[in-house]
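Data block below; observations after.
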Amino acid sequence: MQGLTDFLNEISGLVWGPPLLILLVGTGIYLTFRLGLVQFGLTGYSLKLAFSRNQDTKSKGDISHFQSLMTAMAATVGTGNIVGVATAVALGGPGAIFWMWLSAIFGMATKYAEAVLAVKYRVQDEDGEMSGGPMYYLERGLKQKWLGVLFALFGAIAAFGIGNMVQSNSVSDVVQNTFSIPTWVTGIVLTVFTALVILGGIKSIGKVTSIFVPFMAAFYLLAGLIVMVLNFEMVPGAFATIFQLAFGNEAIAGGVIGAIIRYGVARGVFSNEAGLGSAPIAAAAAKTDMPGRQGLVSMTQVLIDTLIICSITGITIVMAGLYESGDLQGGALTSASFEYFLGGIGPIVVAIGLIFFASSTIIGWSYYGEKCFQYLVGTKKYNIGYRLLFVIAVMIGAVASLDVVWAFSDIMNGLMAFPNLIGLLGLSGVVAYETKRIRQKIKEEKAEAKNAA
């Protein structure tokens with residue numbers, strides 16, 4: 001078994017190697033300029049649209065802009081925000097955080113483009129619910145159904161690993177280590193919770209995540225802000241360290257600049273999933289009158305996930321300085337860093353944050369996997385079977401050893417990106433056209449509002 005795990009880890013290293021990371025960031029850079037720096041000029045409007053009380057209720061779709069964003073946030077805000085950032089700092093140093101930020105800025109354009117295409121090429125299933133995502137824009141937009149099938153296959157498999165068993169395993173492990181609760185007890189609770197949410201479909205998922213996700217994000221952000229406020233004199237030094245080690249003489253002289261960039265970009269992508277093609281599946285369900293409008297809402301996901309939540313983790317770790325010993329990695333490094341500032345309550349804060357984040361990831365990915373499965377079989381009448389298997393997998397993940405599952409699903413997760421990026425680049429002209437439309441629409445709305453005033 002160890003031999004199989006090692007082999008899969010080698011394959012995973014190849015899949016997630018420099019070519020994919022360059023393609024992911026390169027696509028983001030290309031789309032940023034092709035779309036006229038959309039993430040810089042329209043972020044304010046995007047946030048207003050996402051969090052407005054006056055959500056679109058009349059347009060086609062199943063859930064609101066806000067609920068679609070929270071469903072996507074549920075899937076992406078996970079172990080990467082706590083464990084992934086710590087891993088990047090431990091392996092690449094504080095400078096990796098800068099490259100995580102940079103990849104996220106360009107990733108906002110990628111996320112925008114994914115959502116635009118998801119809405120543009122979505123379809124209604126036999127029950128009138130929306131289905132969309134890379135598999136549909138690869139088939140209906142790029143006219144390459146085989147790429148859509150590949151994406152859906154990778155996505156349906158990855159959902160059980162990265163989106164399910166790996167997450168439930170993380171939850172049961174941290175609960176056992178922090179609160180001494182047996183893994184099987186956590187498994188039962190998590191399984192029942194997951195079943196209650198996902199068996200009701202996207203509308204049930206949207207309602208739960210619209211409450212659950214803001215609460216969990218606010219909880220973790222509050223803890224991080226308390227650390228920074230109480231130790232505000234250390235914050236400028238932390239930022240200085242991040243920028244200095246990102247591309248300073250010390251990094252270049254040490255020959256580690258490549259590792260710094262690699263780990264920063266890789267963990268940023270792992271956290272916000274920009275370019276992997278998962279989030280547009282949720283975006284396709286949104287009630288919206290124009291593809292560009294939902295694209296702007298989805299774009300804010302990267303801002304919140306990486307530039308805010310991941311930054312809380314990263315800056316706290318740099319301020320504590322415990323990464324320098326090399327003895328701590330992953331969640332243990334984050335936990336020790338919060339303990340350094342908050343005492344015994346620190347590890348509890350991180351544990352609760354990880355429980356919330358990983359649990360929400362399971363909910364979000366259940367929808368992604370189901371839609372990929374539905375595309376493969378051509379009907380939604382078997383979806384209930386997929387949901388039941390997904391619920392059972394939660395329990396298995398909570399109590400089983402998952403080295404092989406982690407490695408295999410990590411490969412599937414990475415492979416999702418290749419057909420999706422081909423679709424984004426091939427259909428970039430469509431995205432540019434829809435961007436011109438939404439920009440013109442925003443101008444008209446502002447003019448109307450001005451005249452009405």
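Ordering of the structure tokens sets the chain letters (A, B, ...); residue numbers start at 1 within each chain; ligands are numbered from 1 in the order shown.
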
**Request:** For region 430-441 of chain A, please output as an MDAnalysis selection string all residues within 8 Å (counting only C-alpha atoms; exclusion window: fewer than 5 positions along the same chain).
**Result:** chainID A and resid 34:35 113 116:117 290:293

**Request:** Could you give me, as a PyMOL selection string, the residues within 8 Å of region 44-46 of chain A, counting only C-alpha atoms and dropping anything in the same chain fewer than 3 positions from it?
**Result:** chain A and resi 41+49-50+296-297+299-300

**Request:** Excluding Thr241 (chain A) and any residue of its chain fewer than 4 positions from it, enumerate the residues within 10 Å of it, using only C-alpha atoms, and give them as a list in words.
**Result:** Gly93, Pro94, Gly95, Val235, Pro236, Gly237, Leu245, Ala246, Gly248, Ile315, Val318 and Met319 of chain A

Output of the above residues as a PDB file, in the first residue's frame, restricted to N, CA and C atoms:
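Below is the file that was written, part_28.pdb:
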ATOM      1  N   GLY A  93       8.850  29.571   2.861  1.00  0.00           N
ATOM      2  CA  GLY A  93       9.172  30.770   3.629  1.00  0.00           C
ATOM      3  C   GLY A  93       8.071  31.818   3.514  1.00  0.00           C
ATOM      4  N   PRO A  94       8.156  32.893   4.296  1.00  0.00           N
ATOM      5  CA  PRO A  94       7.141  33.951   4.277  1.00  0.00           C
ATOM      6  C   PRO A  94       6.929  34.582   2.905  1.00  0.00           C
ATOM      7  N   GLY A  95       7.970  34.583   2.077  1.00  0.00           N
ATOM      8  CA  GLY A  95       7.837  35.172   0.747  1.00  0.00           C
ATOM      9  C   GLY A  95       6.788  34.498  -0.111  1.00  0.00           C
ATOM     10  N   VAL A 235       2.786  43.961  13.062  1.00  0.00           N
ATOM     11  CA  VAL A 235       2.189  43.785  11.732  1.00  0.00           C
ATOM     12  C   VAL A 235       3.052  44.377  10.619  1.00  0.00           C
ATOM     13  N   PRO A 236       3.529  45.617  10.727  1.00  0.00           N
ATOM     14  CA  PRO A 236       4.388  46.163   9.658  1.00  0.00           C
ATOM     15  C   PRO A 236       5.623  45.297   9.404  1.00  0.00           C
ATOM     16  N   GLY A 237       6.214  44.781  10.482  1.00  0.00           N
ATOM     17  CA  GLY A 237       7.385  43.922  10.324  1.00  0.00           C
ATOM     18  C   GLY A 237       7.068  42.642   9.584  1.00  0.00           C
ATOM     19  N   LEU A 245      11.362  38.730   1.509  1.00  0.00           N
ATOM     20  CA  LEU A 245      11.713  37.349   1.173  1.00  0.00           C
ATOM     21  C   LEU A 245      11.005  36.844  -0.083  1.00  0.00           C
ATOM     22  N   ALA A 246      10.104  37.654  -0.640  1.00  0.00           N
ATOM     23  CA  ALA A 246       9.409  37.237  -1.858  1.00  0.00           C
ATOM     24  C   ALA A 246      10.342  37.255  -3.059  1.00  0.00           C
ATOM     25  N   GLY A 248      13.651  39.225  -2.646  1.00  0.00           N
ATOM     26  CA  GLY A 248      14.811  39.985  -2.206  1.00  0.00           C
ATOM     27  C   GLY A 248      16.115  39.289  -2.532  1.00  0.00           C
ATOM     28  N   ILE A 315      -0.189  35.947   7.935  1.00  0.00           N
ATOM     29  CA  ILE A 315       0.416  37.031   8.708  1.00  0.00           C
ATOM     30  C   ILE A 315       0.610  36.609  10.168  1.00  0.00           C
ATOM     31  N   VAL A 318       3.707  34.416  10.304  1.00  0.00           N
ATOM     32  CA  VAL A 318       4.940  35.202  10.154  1.00  0.00           C
ATOM     33  C   VAL A 318       5.224  35.997  11.423  1.00  0.00           C
ATOM     34  N   MET A 319       4.203  36.568  12.022  1.00  0.00           N
ATOM     35  CA  MET A 319       4.384  37.340  13.254  1.00  0.00           C
ATOM     36  C   MET A 319       4.924  36.462  14.384  1.00  0.00           C
TER      37      MET A 319
END

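Candidate residues A:Ala115, A:Met216, A:Ala266, A:Ala398 were compared for distance to Leu354 (chain A), and the nearest is A:Met216, using only C-alpha atoms.
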
**Request:** Considering only C-alpha atoms, state which residue in the set A:Gly295, A:Gly314, A:Gly78, A:Gly148 is at the smallest distance from Pro280 (chain A).
**Result:**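 Looking at the shortest contact to Pro280 (chain A), the residue is A:Gly295.
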
**Request:** Enumerate, as a VMD selection string, the complete set of residues in region 21-137 of chain A that a backbone-based DSSP assignment places in strand (DSSP E or B).
**Result:** chain A and resid 63 123 to 124 130 to 131

Atoms to include: N, CA and C atoms. Write the selected residues as a PDB file, in the first residue's frame.
ATOM      1  N   ILE A  63     -30.982  29.797  -7.209  1.00  0.00           N
ATOM      2  CA  ILE A  63     -30.597  30.444  -5.962  1.00  0.00           C
ATOM      3  C   ILE A  63     -30.107  31.857  -6.262  1.00  0.00           C
ATOM      4  N   VAL A 123     -27.868  24.996 -18.923  1.00  0.00           N
ATOM      5  CA  VAL A 123     -29.095  24.411 -19.459  1.00  0.00           C
ATOM      6  C   VAL A 123     -30.048  24.111 -18.299  1.00  0.00           C
ATOM      7  N   GLN A 124     -31.315  23.898 -18.628  1.00  0.00           N
ATOM      8  CA  GLN A 124     -32.293  23.483 -17.637  1.00  0.00           C
ATOM      9  C   GLN A 124     -32.500  21.976 -17.747  1.00  0.00           C
ATOM     10  N   MET A 130     -31.179  24.536 -13.004  1.00  0.00           N
ATOM     11  CA  MET A 130     -30.061  24.874 -13.867  1.00  0.00           C
ATOM     12  C   MET A 130     -28.884  23.910 -13.689  1.00  0.00           C
ATOM     13  N   SER A 131     -28.245  23.598 -14.790  1.00  0.00           N
ATOM     14  CA  SER A 131     -27.002  22.818 -14.774  1.00  0.00           C
ATOM     15  C   SER A 131     -25.993  23.540 -15.650  1.00  0.00           C
TER      16      SER A 131
END
